[in-house]
$ cat input21.cif   # mmCIF, C-alpha atoms
data_input
loop_
_atom_site.group_PDB
_atom_site.id
_atom_site.type_symbol
_atom_site.label_atom_id
_atom_site.label_comp_id
_atom_site.auth_asym_id
_atom_site.auth_seq_id
_atom_site.Cartn_x
_atom_site.Cartn_y
_atom_site.Cartn_z
ATOM 1 C CA MET A 30 92.839 62.661 85.197
ATOM 2 C CA SER A 31 92.228 66.170 83.911
ATOM 3 C CA GLU A 32 94.368 68.228 81.560
ATOM 4 C CA ARG A 33 92.614 71.399 82.742
ATOM 5 C CA SER A 34 94.505 74.137 84.553
ATOM 6 C CA PRO A 35 93.926 74.335 88.297
ATOM 7 C CA ALA A 36 90.939 76.178 89.717
ATOM 8 C CA PRO A 37 91.561 79.858 90.496
ATOM 9 C CA GLY A 38 92.532 81.218 93.894
ATOM 10 C CA GLY A 39 91.736 79.217 96.991
ATOM 11 C CA LEU A 40 89.632 76.819 94.947
ATOM 12 C CA GLU A 41 92.897 75.127 93.985
ATOM 13 C CA LEU A 42 93.050 73.760 97.559
ATOM 14 C CA VAL A 43 89.463 72.521 97.321
ATOM 15 C CA GLU A 44 90.098 70.952 93.916
ATOM 16 C CA ALA A 45 93.191 69.183 95.245
ATOM 17 C CA LEU A 46 91.221 67.843 98.224
ATOM 18 C CA VAL A 47 88.293 66.568 96.157
ATOM 19 C CA ASN A 48 90.671 64.933 93.700
ATOM 20 C CA THR A 49 92.468 62.933 96.411
ATOM 21 C CA LEU A 50 89.961 60.173 95.687
ATOM 22 C CA LEU A 51 91.858 58.729 92.758
ATOM 23 C CA ASN A 52 89.346 56.101 91.687
ATOM 24 C CA VAL A 53 85.642 56.179 92.593
ATOM 25 C CA GLU A 54 85.160 52.497 91.782
ATOM 26 C CA THR A 55 88.134 51.055 93.699
ATOM 27 C CA GLY A 56 88.275 53.665 96.456
ATOM 28 C CA ALA A 57 91.974 54.361 95.833
ATOM 29 C CA ASP A 58 92.654 57.372 98.014
ATOM 30 C CA SER A 59 95.835 59.429 98.092
ATOM 31 C CA LEU A 60 94.902 60.632 101.601
ATOM 32 C CA ASP A 61 96.193 57.217 102.673
ATOM 33 C CA THR A 62 99.747 58.389 101.961
ATOM 34 C CA PRO A 63 101.748 60.383 104.541
ATOM 35 C CA GLU A 64 102.969 62.829 101.857
ATOM 36 C CA VAL A 65 99.449 63.865 100.851
ATOM 37 C CA ARG A 66 98.241 64.075 104.459
ATOM 38 C CA GLU A 67 101.202 66.345 105.194
ATOM 39 C CA ARG A 68 100.332 68.536 102.203
ATOM 40 C CA PHE A 69 96.889 69.173 103.701
ATOM 41 C CA GLY A 70 98.166 69.393 107.288
ATOM 42 C CA LEU A 71 96.297 66.230 108.336
ATOM 43 C CA THR A 72 97.033 63.483 110.802
ATOM 44 C CA GLU A 73 95.600 59.988 110.565
ATOM 45 C CA ASP A 74 93.065 61.024 113.214
ATOM 46 C CA ASP A 75 91.873 63.834 110.895
ATOM 47 C CA LEU A 76 91.097 61.467 108.002
ATOM 48 C CA PRO A 77 87.433 60.666 108.755
ATOM 49 C CA ALA A 78 86.541 64.379 108.949
ATOM 50 C CA ALA A 79 88.640 65.201 105.866
ATOM 51 C CA ARG A 80 86.928 62.466 103.858
ATOM 52 C CA GLU A 81 83.505 63.644 105.030
ATOM 53 C CA LEU A 82 84.384 67.191 103.940
ATOM 54 C CA ARG A 83 85.716 65.934 100.609
ATOM 55 C CA GLU A 84 82.556 63.993 99.787
ATOM 56 C CA SER A 85 80.292 66.893 100.833
ATOM 57 C CA LEU A 86 82.293 69.116 98.502
ATOM 58 C CA ARG A 87 81.934 66.539 95.708
ATOM 59 C CA ALA A 88 78.141 66.445 96.179
ATOM 60 C CA THR A 89 78.024 70.256 95.997
ATOM 61 C CA LEU A 90 80.172 70.320 92.854
ATOM 62 C CA LEU A 91 77.911 67.720 91.246
ATOM 63 C CA ALA A 92 74.952 69.992 92.080
ATOM 64 C CA HIS A 93 76.766 72.906 90.382
ATOM 65 C CA ALA A 94 76.876 70.759 87.243
ATOM 66 C CA GLY A 95 73.194 69.839 87.561
ATOM 67 C CA HIS A 96 73.725 66.262 88.754
ATOM 68 C CA PRO A 97 72.355 64.457 91.801
ATOM 69 C CA PRO A 98 74.705 63.677 94.685
ATOM 70 C CA HIS A 99 76.834 60.555 94.343
ATOM 71 C CA ARG A 100 75.681 59.383 97.781
ATOM 72 C CA THR A 101 74.125 60.705 100.972
ATOM 73 C CA VAL A 102 76.511 63.143 102.652
ATOM 74 C CA THR A 103 76.500 65.710 105.420
ATOM 75 C CA PRO A 104 75.451 69.021 103.842
ATOM 76 C CA LEU A 105 78.482 71.182 103.119
ATOM 77 C CA GLY A 106 76.950 74.163 104.925
ATOM 78 C CA GLU A 107 76.796 72.169 108.159
ATOM 79 C CA LEU A 108 80.460 71.210 107.914
ATOM 80 C CA LEU A 109 81.620 74.729 107.077
ATOM 81 C CA ALA A 110 79.550 76.204 109.930
ATOM 82 C CA ALA A 111 81.936 74.422 112.292
ATOM 83 C CA ALA A 112 84.800 76.507 110.898
ATOM 84 C CA PRO A 113 84.166 80.079 112.034
ATOM 85 C CA LEU A 114 85.840 82.844 110.106
ATOM 86 C CA VAL A 115 86.833 86.333 111.167
ATOM 87 C CA VAL A 116 87.260 89.458 109.108
ATOM 88 C CA THR A 117 90.713 90.921 109.525
ATOM 89 C CA VAL A 118 91.404 94.551 108.673
ATOM 90 C CA GLU A 119 94.892 95.952 108.088
ATOM 91 C CA THR A 120 95.383 99.203 109.966
ATOM 92 C CA ALA A 121 97.969 100.459 107.463
ATOM 93 C CA ASP A 122 95.749 100.419 104.379
ATOM 94 C CA GLY A 123 92.295 99.335 105.564
ATOM 95 C CA SER A 124 92.273 96.190 103.413
ATOM 96 C CA ALA A 125 90.052 93.416 104.691
ATOM 97 C CA ALA A 126 90.265 89.649 104.374
ATOM 98 C CA LEU A 127 88.647 86.531 105.748
ATOM 99 C CA ALA A 128 90.721 84.351 108.031
ATOM 100 C CA PRO A 129 89.954 81.131 109.861
ATOM 101 C CA VAL A 130 89.688 81.363 113.645
ATOM 102 C CA ARG A 131 91.720 78.119 113.801
ATOM 103 C CA ALA A 132 94.422 78.691 111.198
ATOM 104 C CA GLY A 133 95.528 75.073 110.686
ATOM 105 C CA SER A 134 92.070 73.601 110.241
ATOM 106 C CA LEU A 135 91.420 72.145 106.779
ATOM 107 C CA THR A 136 87.706 72.847 107.141
ATOM 108 C CA ALA A 137 88.448 76.482 107.979
ATOM 109 C CA ARG A 138 90.783 76.841 104.990
ATOM 110 C CA VAL A 139 88.107 75.360 102.741
ATOM 111 C CA ALA A 140 85.511 77.738 104.226
ATOM 112 C CA VAL A 141 87.747 80.714 103.397
ATOM 113 C CA ALA A 142 88.247 79.417 99.841
ATOM 114 C CA VAL A 143 84.504 78.950 99.332
ATOM 115 C CA ALA A 144 83.682 82.401 100.729
ATOM 116 C CA GLU A 145 86.319 84.086 98.571
ATOM 117 C CA ALA A 146 85.125 82.187 95.470
ATOM 118 C CA LEU A 147 81.570 83.231 96.208
ATOM 119 C CA VAL A 148 82.611 86.887 96.380
ATOM 120 C CA ALA A 149 84.747 86.529 93.227
ATOM 121 C CA GLY A 150 81.875 84.883 91.338
ATOM 122 C CA THR A 151 83.854 81.707 90.645
ATOM 123 C CA TRP A 152 82.112 79.288 93.035
ATOM 124 C CA SER A 153 79.295 78.229 90.696
ATOM 125 C CA ARG A 154 81.759 77.337 87.904
ATOM 126 C CA PHE A 155 83.527 74.865 90.148
ATOM 127 C CA LYS A 156 82.043 71.459 89.270
ATOM 128 C CA ALA A 157 82.443 67.689 89.409
ATOM 129 C CA CYS A 158 82.676 65.529 86.299
ATOM 130 C CA GLU A 159 79.406 63.989 85.165
ATOM 131 C CA ALA A 160 80.979 60.566 84.521
ATOM 132 C CA PRO A 161 79.787 58.232 87.308
ATOM 133 C CA ASP A 162 83.156 56.483 87.453
ATOM 134 C CA CYS A 163 85.050 59.786 87.739
ATOM 135 C CA HIS A 164 83.415 62.735 89.603
ATOM 136 C CA TRP A 165 86.779 64.564 89.419
ATOM 137 C CA ALA A 166 86.612 68.251 90.438
ATOM 138 C CA TYR A 167 87.340 70.861 87.787
ATOM 139 C CA TYR A 168 86.857 74.559 87.136
ATOM 140 C CA ASP A 169 84.559 75.155 84.150
ATOM 141 C CA ARG A 170 86.155 77.780 81.918
ATOM 142 C CA SER A 171 83.794 77.201 78.992
ATOM 143 C CA PRO A 172 82.234 80.433 77.670
ATOM 144 C CA ALA A 173 78.667 79.429 78.567
ATOM 145 C CA GLY A 174 79.638 77.675 81.813
ATOM 146 C CA ARG A 175 78.005 74.419 80.740
ATOM 147 C CA GLY A 176 80.998 72.054 80.878
ATOM 148 C CA ARG A 177 80.096 68.489 81.866
ATOM 149 C CA TRP A 178 83.346 66.535 82.040
ATOM 150 C CA CYS A 179 86.737 66.984 83.630
ATOM 151 C CA SER A 180 88.317 65.941 80.344
ATOM 152 C CA MET A 181 86.712 66.063 76.931
ATOM 153 C CA GLN A 182 89.389 63.675 75.650
ATOM 154 C CA VAL A 183 88.624 60.997 78.276
ATOM 155 C CA CYS A 184 85.286 61.270 80.105
ATOM 156 C CA GLY A 185 83.549 63.318 77.398
ATOM 157 C CA ALA A 186 84.726 61.012 74.618
ATOM 158 C CA ARG A 187 83.562 57.932 76.547
ATOM 159 C CA ALA A 188 80.118 59.440 77.162
ATOM 160 C CA LYS A 189 79.715 60.434 73.519
ATOM 161 C CA MET A 190 80.811 56.970 72.365
ATOM 162 C CA ARG A 191 78.275 55.331 74.732
ATOM 163 C CA ARG A 192 75.502 57.546 73.329
ATOM 164 C CA TYR A 193 76.582 56.764 69.765
ATOM 165 C CA ARG A 194 76.613 53.004 70.414
ATOM 166 C CA ALA A 195 73.197 53.188 72.086
ATOM 167 C CA LYS A 196 71.784 54.856 68.959
ATOM 168 C CA GLU A 197 73.225 52.105 66.715
ATOM 169 C CA SER A 198 71.540 49.265 68.583
#
$ encode --input "input21.cif" --output "structure tokens"
Amino acid sequence: MSERSPAPGGLELVEALVNTLLNVETGADSLDTPEVRERFGLTEDDLPAARELRESLRATLLAHAGHPPHRTVTPLGELLAAAPLVVTVETADGSAALAPVRAGSLTARVAVAVAEALVAGTWSRFKACEAPDCHWAYYDRSPAGRGRWCSMQVCGARAKMRRYRAKES
């Protein structure tokens, strides 16, 4: 949907997960395909939890953009609390990093990405499109950080046309 470049750092994983819901209205979901499940390291048994995580992320990204949640979801903080992280420190150079306790867990990988984005100051610019039939995740690179749509050419143009037509009538 979006012509934007991917979100920075680990947020690219989060963006890819949120955007597996291809169509909000029809429910078309690329997590239904074995190739996409493999990309995220998921089995069919993991799908309910992955979808719950995805929709909690979407609600949080909508909040970043100043919009209400698309539906009732489990709060993201509750889901990420189930994915404990550890701080690893390299003995050679003293560098530190966050790492999931359970390395293969999607929730743990998302928790690391969120924590790193928070430290980098990029978390609050990660948003979901305002268009109710879209809600695609995107990273807002606008100078003022007030982007509203994943694509100005598609969702933004549609919203502006709807406002224009409403004024005419």
$ closest_atom_pairs --input "input21.cif" --of "stretch 85-180 of chain A" --to "stretch 46-51 of chain A" --cutoff "8 Å" --atoms "all atoms listed in the file" --output "tab-separated table"
residue	atom	partner	partner_atom	distance
A:Leu86	CA	A:Val47	CA	6.9
A:Arg87	CA	A:Val47	CA	6.4
A:Trp165	CA	A:Asn48	CA	5.8
A:Ala166	CA	A:Asn48	CA	6.2
$ closest_residue --input "input21.cif" --among "A:Ala78, A:Ala125, A:Leu42, A:Cys158" --to "A:Leu90" --atoms "all atoms listed in the file"
A:Cys158
$ closest_residue --input "input21.cif" --among "A:Arg83, A:Lys196, A:Arg170, A:His164" --to "A:His99" --atoms "all atoms listed in the file"
A:His164
$ resolve_selection --input "input21.cif" --expression "the PyMOL selection byres ((chain A and resi 59) around 12)" --output "PyMOL selection string"
chain A and resi 45-52+56-58+60-69+76+80
$ resolve_selection --input "input21.cif" --expression "the PyMOL selection byres ((chain A and resi 174) around 12)" --output "MDAnalysis selection string"
chainID A and resid 93:95 151:156 167:173 175:178
$ write_last_selection --input "input21.cif" --atoms "C-alpha atoms" --output "mmCIF file, in the frame of the given file"
data_model
loop_
_atom_site.group_PDB
_atom_site.id
_atom_site.type_symbol
_atom_site.label_atom_id
_atom_site.label_comp_id
_atom_site.auth_asym_id
_atom_site.auth_seq_id
_atom_site.Cartn_x
_atom_site.Cartn_y
_atom_site.Cartn_z
ATOM 1 C CA HIS A 93 76.766 72.906 90.382
ATOM 2 C CA ALA A 94 76.876 70.759 87.243
ATOM 3 C CA GLY A 95 73.194 69.839 87.561
ATOM 4 C CA THR A 151 83.854 81.707 90.645
ATOM 5 C CA TRP A 152 82.112 79.288 93.035
ATOM 6 C CA SER A 153 79.295 78.229 90.696
ATOM 7 C CA ARG A 154 81.759 77.337 87.904
ATOM 8 C CA PHE A 155 83.527 74.865 90.148
ATOM 9 C CA LYS A 156 82.043 71.459 89.270
ATOM 10 C CA TYR A 167 87.340 70.861 87.787
ATOM 11 C CA TYR A 168 86.857 74.559 87.136
ATOM 12 C CA ASP A 169 84.559 75.155 84.150
ATOM 13 C CA ARG A 170 86.155 77.780 81.918
ATOM 14 C CA SER A 171 83.794 77.201 78.992
ATOM 15 C CA PRO A 172 82.234 80.433 77.670
ATOM 16 C CA ALA A 173 78.667 79.429 78.567
ATOM 17 C CA ARG A 175 78.005 74.419 80.740
ATOM 18 C CA GLY A 176 80.998 72.054 80.878
ATOM 19 C CA ARG A 177 80.096 68.489 81.866
ATOM 20 C CA TRP A 178 83.346 66.535 82.040
#
$ axis_aligned_box --input "input21.cif" --around "stretch 111-124 of chain A" --padding-each-side "4 Å" --output "AutoDock Vina command-line options"
--center_x 90.0 --center_y 87.4 --center_z 107.9 --size_x 24.0 --size_y 34.0 --size_z 16.9
$ residues_around --input "input21.cif" --residues "A:Pro37" --least-positions-apart "2" --cutoff "9 Å" --atoms "only C-alpha atoms" --output "PDB file with C-alpha atoms, in the frame of the given file"
ATOM      1  CA  SER A  34      94.505  74.137  84.553  1.00  0.00           C
ATOM      2  CA  PRO A  35      93.926  74.335  88.297  1.00  0.00           C
ATOM      3  CA  GLY A  39      91.736  79.217  96.991  1.00  0.00           C
ATOM      4  CA  LEU A  40      89.632  76.819  94.947  1.00  0.00           C
ATOM      5  CA  GLU A  41      92.897  75.127  93.985  1.00  0.00           C
ATOM      6  CA  ALA A 146      85.125  82.187  95.470  1.00  0.00           C
ATOM      7  CA  THR A 151      83.854  81.707  90.645  1.00  0.00           C
ATOM      8  CA  TYR A 168      86.857  74.559  87.136  1.00  0.00           C
TER       9      TYR A 168
END
$ residues_around --input "input21.cif" --residues "A:Asp75" --least-positions-apart "4" --cutoff "10 Å" --atoms "all atoms listed in the file" --output "PyMOL selection string"
chain A and resi 66+70-71+79-80+134-135
$ residues_around --input "input21.cif" --residues "A:Thr117" --least-positions-apart "4" --cutoff "12 Å" --atoms "all atoms listed in the file" --output "ChimeraX atom specification"
/A:122-130
$ closest_residue --input "input21.cif" --among "A:Gly38, A:Glu54, A:Thr136, A:Thr120" --to "A:Leu82" --atoms "all atoms listed in the file"
A:Thr136
$ atom_distance --input "input21.cif" --atom1 "atom CA of A:Ala92" --atom2 "atom CA of A:Pro113"
24.2 Å
$ atom_distance --input "input21.cif" --atom1 "atom CA of A:Ser85" --atom2 "atom CA of A:Ala149"
21.5 Å
